[in-house]
There are 2 protein chains.
Amino acid sequence: MAADPNCIFCKIAAGDIPSTTVLDSPLAIAFLDVGPLADGHVLLIPRDHYERLDQMPADVFGQVAALLPKLGSALQRVAGVDAYNVLQNNGAAAGQEVGHVHFHLIPRCPGDGLGYRWNAKSYAAGRADELAARFSELLD
Amino acid sequence: MAADPNCIFCKIAAGDIPSTTVLDSPLAIAFLDVGPLADGHVLLIPRDHYERLDQMPADVFGQVAALLPKLGSALQRVAGVDAYNVLQNNGAAAGQEVGHVHFHLIPRCPGDGLGYRWNAKSYAAGRADELAARFSELLD
């Protein structure tokens with residue numbers, strides 16, 4: 001997959017826009033978010049341009065994601081925390097602002113005011129089975 | 001890694017607690033969250049017990065994560081949305097409620113009131129380089 005000439009993350013991956021890189025591998029790079037939610041907030045991106053995760057070949061996505069354990073481990077030591085969120089947004093309605101797959105790793109500490117808005121509901125009788133049947137049609 | 005006898009997700013993976021399974025693979029399963037944030041909210045978990053992602057071997061984590069593209073693709077069709085968040089929490093301060101690695105896949109639509117609380121800041125001069133140097137010590 002070629003680079004997208006209009007994509008800021010492609011330009012960062014190519015070194016055409018400077019970034020504060022923290023991890024550099026053949027398939028992916030990680031760098032500090034310039035608008036961090038917390039000190040040490042990093043982004044992990046594939047070098048190649050894919051807009052959304054569901055557009056990535058499973059093996060490529062898996063190899064990029066395989067960098068997360070060591071990145072998460074380092075993040076905790078650098079930020080001096082024992083908790084972090086991994087967040088990956090797909091689509092504008094999900095808050096995706098750059099159309100190039102990226103994982104946010106966000107250090108967390110108690111009372112920081114961050115986190116996902118949680119407003120859980122429950123399924124009416126039969127609804128869960130109905131949804132699961134549709135998933136099965138697509139995934140089996 | 002053995003199952004943890006006190007872990008609800010290990011019991012779900014073993015079939016000892018029922019769940020609405022949507023994907024079943026040798027290394028991982030996905031099932032509907034019983035307290036969904038939106039219709040079709042699913043969890044993807046490794047079958048083996050690991051509390052946090054940084055405790056998982058990179059290759060195992062990569063193979064589990066490699067299921068996300070097809071799961072994300074199916075999720076959009078089942079939920080009838082074109083956006084979703086992937087969220088993975090590590091540690092109590094990050095909102096992790098079950099101590100077994102899990103990815104949330106959360107369907108999103110405009111005005112749903114969900115999403116991550118975003119309160120970006122910026123780094124004082126020199127701070128980003130300081131953090132990056134610490135990452136490099138750990139990751140190079």
# chains A, B, ... in the order shown; residues from 1 in each chain; ligands from 1

$ select_by_dssp --residues "chain A" --states "strand (DSSP E)" --output "PyMOL selection string"
chain A and resi 21-24+28-32+42-46+83-90+103-108

$ interface_residues --of "chain A" --to "chain B" --cutoff "6 Å" --atoms "only C-alpha atoms" --output "PyMOL selection string"
chain A and resi 22+35-37+53-54+58+61-63+65-66+69+72-73+83-91+93-94+108-110+114-117+119-122+132+135-136

$ select_by_dssp --residues "chain A" --states "helix (DSSP H, G or I)" --output "PyMOL selection string"
chain A and resi 8-14+53-55+58-65+68-79+92-94+127-139

$ atom_distance --atom1 "atom CA of B:Leu43" --atom2 "atom CA of A:Pro46"
23.5 Å

$ atom_distance --atom1 "atom CA of B:Cys7" --atom2 "atom CA of B:Glu97"
11.3 Å

$ decode --residues "stretch 72-115 of chain B" --atoms "N, CA and C atoms" --output "PDB file, in the first residue's frame"
ATOM      1  N   GLY B  72     -13.904  -6.189  13.381  1.00  0.00           N
ATOM      2  CA  GLY B  72     -14.341  -4.803  13.181  1.00  0.00           C
ATOM      3  C   GLY B  72     -15.214  -4.648  11.943  1.00  0.00           C
ATOM      4  N   SER B  73     -14.840  -5.384  10.909  1.00  0.00           N
ATOM      5  CA  SER B  73     -15.614  -5.350   9.675  1.00  0.00           C
ATOM      6  C   SER B  73     -17.029  -5.911   9.907  1.00  0.00           C
ATOM      7  N   ALA B  74     -17.108  -7.048  10.576  1.00  0.00           N
ATOM      8  CA  ALA B  74     -18.416  -7.653  10.872  1.00  0.00           C
ATOM      9  C   ALA B  74     -19.240  -6.752  11.793  1.00  0.00           C
ATOM     10  N   LEU B  75     -18.569  -6.168  12.780  1.00  0.00           N
ATOM     11  CA  LEU B  75     -19.261  -5.303  13.745  1.00  0.00           C
ATOM     12  C   LEU B  75     -20.019  -4.177  13.051  1.00  0.00           C
ATOM     13  N   GLN B  76     -19.391  -3.573  12.064  1.00  0.00           N
ATOM     14  CA  GLN B  76     -20.038  -2.465  11.367  1.00  0.00           C
ATOM     15  C   GLN B  76     -21.295  -2.922  10.645  1.00  0.00           C
ATOM     16  N   ARG B  77     -21.230  -4.089  10.052  1.00  0.00           N
ATOM     17  CA  ARG B  77     -22.397  -4.583   9.317  1.00  0.00           C
ATOM     18  C   ARG B  77     -23.508  -4.995  10.270  1.00  0.00           C
ATOM     19  N   VAL B  78     -23.127  -5.646  11.363  1.00  0.00           N
ATOM     20  CA  VAL B  78     -24.143  -6.099  12.325  1.00  0.00           C
ATOM     21  C   VAL B  78     -24.812  -4.906  13.009  1.00  0.00           C
ATOM     22  N   ALA B  79     -23.998  -3.924  13.406  1.00  0.00           N
ATOM     23  CA  ALA B  79     -24.547  -2.789  14.154  1.00  0.00           C
ATOM     24  C   ALA B  79     -25.077  -1.689  13.230  1.00  0.00           C
ATOM     25  N   GLY B  80     -24.773  -1.812  11.934  1.00  0.00           N
ATOM     26  CA  GLY B  80     -25.258  -0.799  10.991  1.00  0.00           C
ATOM     27  C   GLY B  80     -24.612   0.557  11.190  1.00  0.00           C
ATOM     28  N   VAL B  81     -23.308   0.552  11.487  1.00  0.00           N
ATOM     29  CA  VAL B  81     -22.576   1.802  11.719  1.00  0.00           C
ATOM     30  C   VAL B  81     -21.358   1.841  10.801  1.00  0.00           C
ATOM     31  N   ASP B  82     -20.758   3.018  10.677  1.00  0.00           N
ATOM     32  CA  ASP B  82     -19.513   3.103   9.911  1.00  0.00           C
ATOM     33  C   ASP B  82     -18.363   3.581  10.791  1.00  0.00           C
ATOM     34  N   ALA B  83     -18.535   3.474  12.108  1.00  0.00           N
ATOM     35  CA  ALA B  83     -17.490   3.922  13.031  1.00  0.00           C
ATOM     36  C   ALA B  83     -17.515   3.054  14.289  1.00  0.00           C
ATOM     37  N   TYR B  84     -16.340   2.869  14.876  1.00  0.00           N
ATOM     38  CA  TYR B  84     -16.256   2.120  16.138  1.00  0.00           C
ATOM     39  C   TYR B  84     -14.929   2.412  16.819  1.00  0.00           C
ATOM     40  N   ASN B  85     -14.935   2.278  18.126  1.00  0.00           N
ATOM     41  CA  ASN B  85     -13.716   2.378  18.924  1.00  0.00           C
ATOM     42  C   ASN B  85     -13.229   0.987  19.318  1.00  0.00           C
ATOM     43  N   VAL B  86     -11.920   0.835  19.323  1.00  0.00           N
ATOM     44  CA  VAL B  86     -11.297  -0.341  19.943  1.00  0.00           C
ATOM     45  C   VAL B  86     -10.607   0.180  21.195  1.00  0.00           C
ATOM     46  N   LEU B  87     -10.936  -0.403  22.331  1.00  0.00           N
ATOM     47  CA  LEU B  87     -10.424   0.083  23.614  1.00  0.00           C
ATOM     48  C   LEU B  87      -9.926  -1.089  24.433  1.00  0.00           C
ATOM     49  N   GLN B  88      -8.748  -0.920  24.986  1.00  0.00           N
ATOM     50  CA  GLN B  88      -8.168  -1.993  25.800  1.00  0.00           C
ATOM     51  C   GLN B  88      -7.547  -1.323  27.015  1.00  0.00           C
ATOM     52  N   ASN B  89      -8.047  -1.649  28.198  1.00  0.00           N
ATOM     53  CA  ASN B  89      -7.664  -0.983  29.439  1.00  0.00           C
ATOM     54  C   ASN B  89      -6.726  -1.861  30.261  1.00  0.00           C
ATOM     55  N   ASN B  90      -5.682  -1.245  30.792  1.00  0.00           N
ATOM     56  CA  ASN B  90      -4.738  -1.968  31.651  1.00  0.00           C
ATOM     57  C   ASN B  90      -4.630  -1.277  32.989  1.00  0.00           C
ATOM     58  N   GLY B  91      -5.067  -1.959  34.051  1.00  0.00           N
ATOM     59  CA  GLY B  91      -4.958  -1.403  35.397  1.00  0.00           C
ATOM     60  C   GLY B  91      -6.249  -0.731  35.832  1.00  0.00           C
ATOM     61  N   ALA B  92      -6.486  -0.744  37.143  1.00  0.00           N
ATOM     62  CA  ALA B  92      -7.721  -0.196  37.706  1.00  0.00           C
ATOM     63  C   ALA B  92      -7.886   1.281  37.359  1.00  0.00           C
ATOM     64  N   ALA B  93      -6.797   2.048  37.404  1.00  0.00           N
ATOM     65  CA  ALA B  93      -6.891   3.484  37.127  1.00  0.00           C
ATOM     66  C   ALA B  93      -7.232   3.761  35.673  1.00  0.00           C
ATOM     67  N   ALA B  94      -7.102   2.728  34.824  1.00  0.00           N
ATOM     68  CA  ALA B  94      -7.460   2.868  33.409  1.00  0.00           C
ATOM     69  C   ALA B  94      -8.865   2.333  33.144  1.00  0.00           C
ATOM     70  N   GLY B  95      -9.570   1.919  34.213  1.00  0.00           N
ATOM     71  CA  GLY B  95     -10.935   1.432  34.038  1.00  0.00           C
ATOM     72  C   GLY B  95     -11.025  -0.061  33.781  1.00  0.00           C
ATOM     73  N   GLN B  96      -9.928  -0.792  33.965  1.00  0.00           N
ATOM     74  CA  GLN B  96      -9.990  -2.248  33.761  1.00  0.00           C
ATOM     75  C   GLN B  96     -10.773  -2.887  34.910  1.00  0.00           C
ATOM     76  N   GLU B  97     -11.844  -3.585  34.589  1.00  0.00           N
ATOM     77  CA  GLU B  97     -12.692  -4.152  35.640  1.00  0.00           C
ATOM     78  C   GLU B  97     -12.542  -5.664  35.767  1.00  0.00           C
ATOM     79  N   VAL B  98     -12.120  -6.324  34.705  1.00  0.00           N
ATOM     80  CA  VAL B  98     -11.843  -7.766  34.774  1.00  0.00           C
ATOM     81  C   VAL B  98     -10.361  -7.954  34.463  1.00  0.00           C
ATOM     82  N   GLY B  99      -9.655  -8.638  35.349  1.00  0.00           N
ATOM     83  CA  GLY B  99      -8.209  -8.763  35.225  1.00  0.00           C
ATOM     84  C   GLY B  99      -7.776  -9.834  34.244  1.00  0.00           C
ATOM     85  N   HIS B 100      -8.293  -9.766  33.045  1.00  0.00           N
ATOM     86  CA  HIS B 100      -7.959 -10.687  31.950  1.00  0.00           C
ATOM     87  C   HIS B 100      -8.015  -9.825  30.692  1.00  0.00           C
ATOM     88  N   VAL B 101      -6.919  -9.781  29.950  1.00  0.00           N
ATOM     89  CA  VAL B 101      -6.820  -8.897  28.777  1.00  0.00           C
ATOM     90  C   VAL B 101      -8.081  -8.970  27.909  1.00  0.00           C
ATOM     91  N   HIS B 102      -8.656  -7.823  27.583  1.00  0.00           N
ATOM     92  CA  HIS B 102      -9.791  -7.811  26.659  1.00  0.00           C
ATOM     93  C   HIS B 102      -9.820  -6.522  25.863  1.00  0.00           C
ATOM     94  N   PHE B 103     -10.209  -6.663  24.611  1.00  0.00           N
ATOM     95  CA  PHE B 103     -10.471  -5.530  23.738  1.00  0.00           C
ATOM     96  C   PHE B 103     -11.969  -5.297  23.694  1.00  0.00           C
ATOM     97  N   HIS B 104     -12.389  -4.058  23.925  1.00  0.00           N
ATOM     98  CA  HIS B 104     -13.766  -3.662  23.644  1.00  0.00           C
ATOM     99  C   HIS B 104     -13.845  -3.184  22.199  1.00  0.00           C
ATOM    100  N   LEU B 105     -14.848  -3.616  21.464  1.00  0.00           N
ATOM    101  CA  LEU B 105     -15.160  -3.022  20.155  1.00  0.00           C
ATOM    102  C   LEU B 105     -16.530  -2.378  20.303  1.00  0.00           C
ATOM    103  N   ILE B 106     -16.569  -1.060  20.191  1.00  0.00           N
ATOM    104  CA  ILE B 106     -17.767  -0.300  20.539  1.00  0.00           C
ATOM    105  C   ILE B 106     -18.296   0.434  19.303  1.00  0.00           C
ATOM    106  N   PRO B 107     -19.463   0.012  18.788  1.00  0.00           N
ATOM    107  CA  PRO B 107     -20.052   0.706  17.620  1.00  0.00           C
ATOM    108  C   PRO B 107     -20.385   2.148  17.982  1.00  0.00           C
ATOM    109  N   ARG B 108     -20.151   3.044  17.033  1.00  0.00           N
ATOM    110  CA  ARG B 108     -20.395   4.467  17.296  1.00  0.00           C
ATOM    111  C   ARG B 108     -21.274   5.101  16.229  1.00  0.00           C
ATOM    112  N   CYS B 109     -22.100   6.031  16.663  1.00  0.00           N
ATOM    113  CA  CYS B 109     -22.834   6.845  15.695  1.00  0.00           C
ATOM    114  C   CYS B 109     -22.893   8.281  16.220  1.00  0.00           C
ATOM    115  N   PRO B 110     -23.099   9.259  15.316  1.00  0.00           N
ATOM    116  CA  PRO B 110     -23.060  10.657  15.749  1.00  0.00           C
ATOM    117  C   PRO B 110     -24.062  10.930  16.879  1.00  0.00           C
ATOM    118  N   GLY B 111     -23.624  11.672  17.876  1.00  0.00           N
ATOM    119  CA  GLY B 111     -24.508  12.069  18.967  1.00  0.00           C
ATOM    120  C   GLY B 111     -24.816  10.997  19.986  1.00  0.00           C
ATOM    121  N   ASP B 112     -24.048   9.913  19.986  1.00  0.00           N
ATOM    122  CA  ASP B 112     -24.351   8.821  20.921  1.00  0.00           C
ATOM    123  C   ASP B 112     -23.853   9.089  22.346  1.00  0.00           C
ATOM    124  N   GLY B 113     -23.089  10.157  22.537  1.00  0.00           N
ATOM    125  CA  GLY B 113     -22.644  10.506  23.889  1.00  0.00           C
ATOM    126  C   GLY B 113     -21.526   9.631  24.426  1.00  0.00           C
ATOM    127  N   LEU B 114     -20.979   8.751  23.585  1.00  0.00           N
ATOM    128  CA  LEU B 114     -19.884   7.884  24.032  1.00  0.00           C
ATOM    129  C   LEU B 114     -18.542   8.538  23.678  1.00  0.00           C
ATOM    130  N   GLY B 115     -17.489   7.754  23.695  1.00  0.00           N
ATOM    131  CA  GLY B 115     -16.173   8.260  23.303  1.00  0.00           C
ATOM    132  C   GLY B 115     -15.277   8.568  24.481  1.00  0.00           C
TER     133      GLY B 115
END
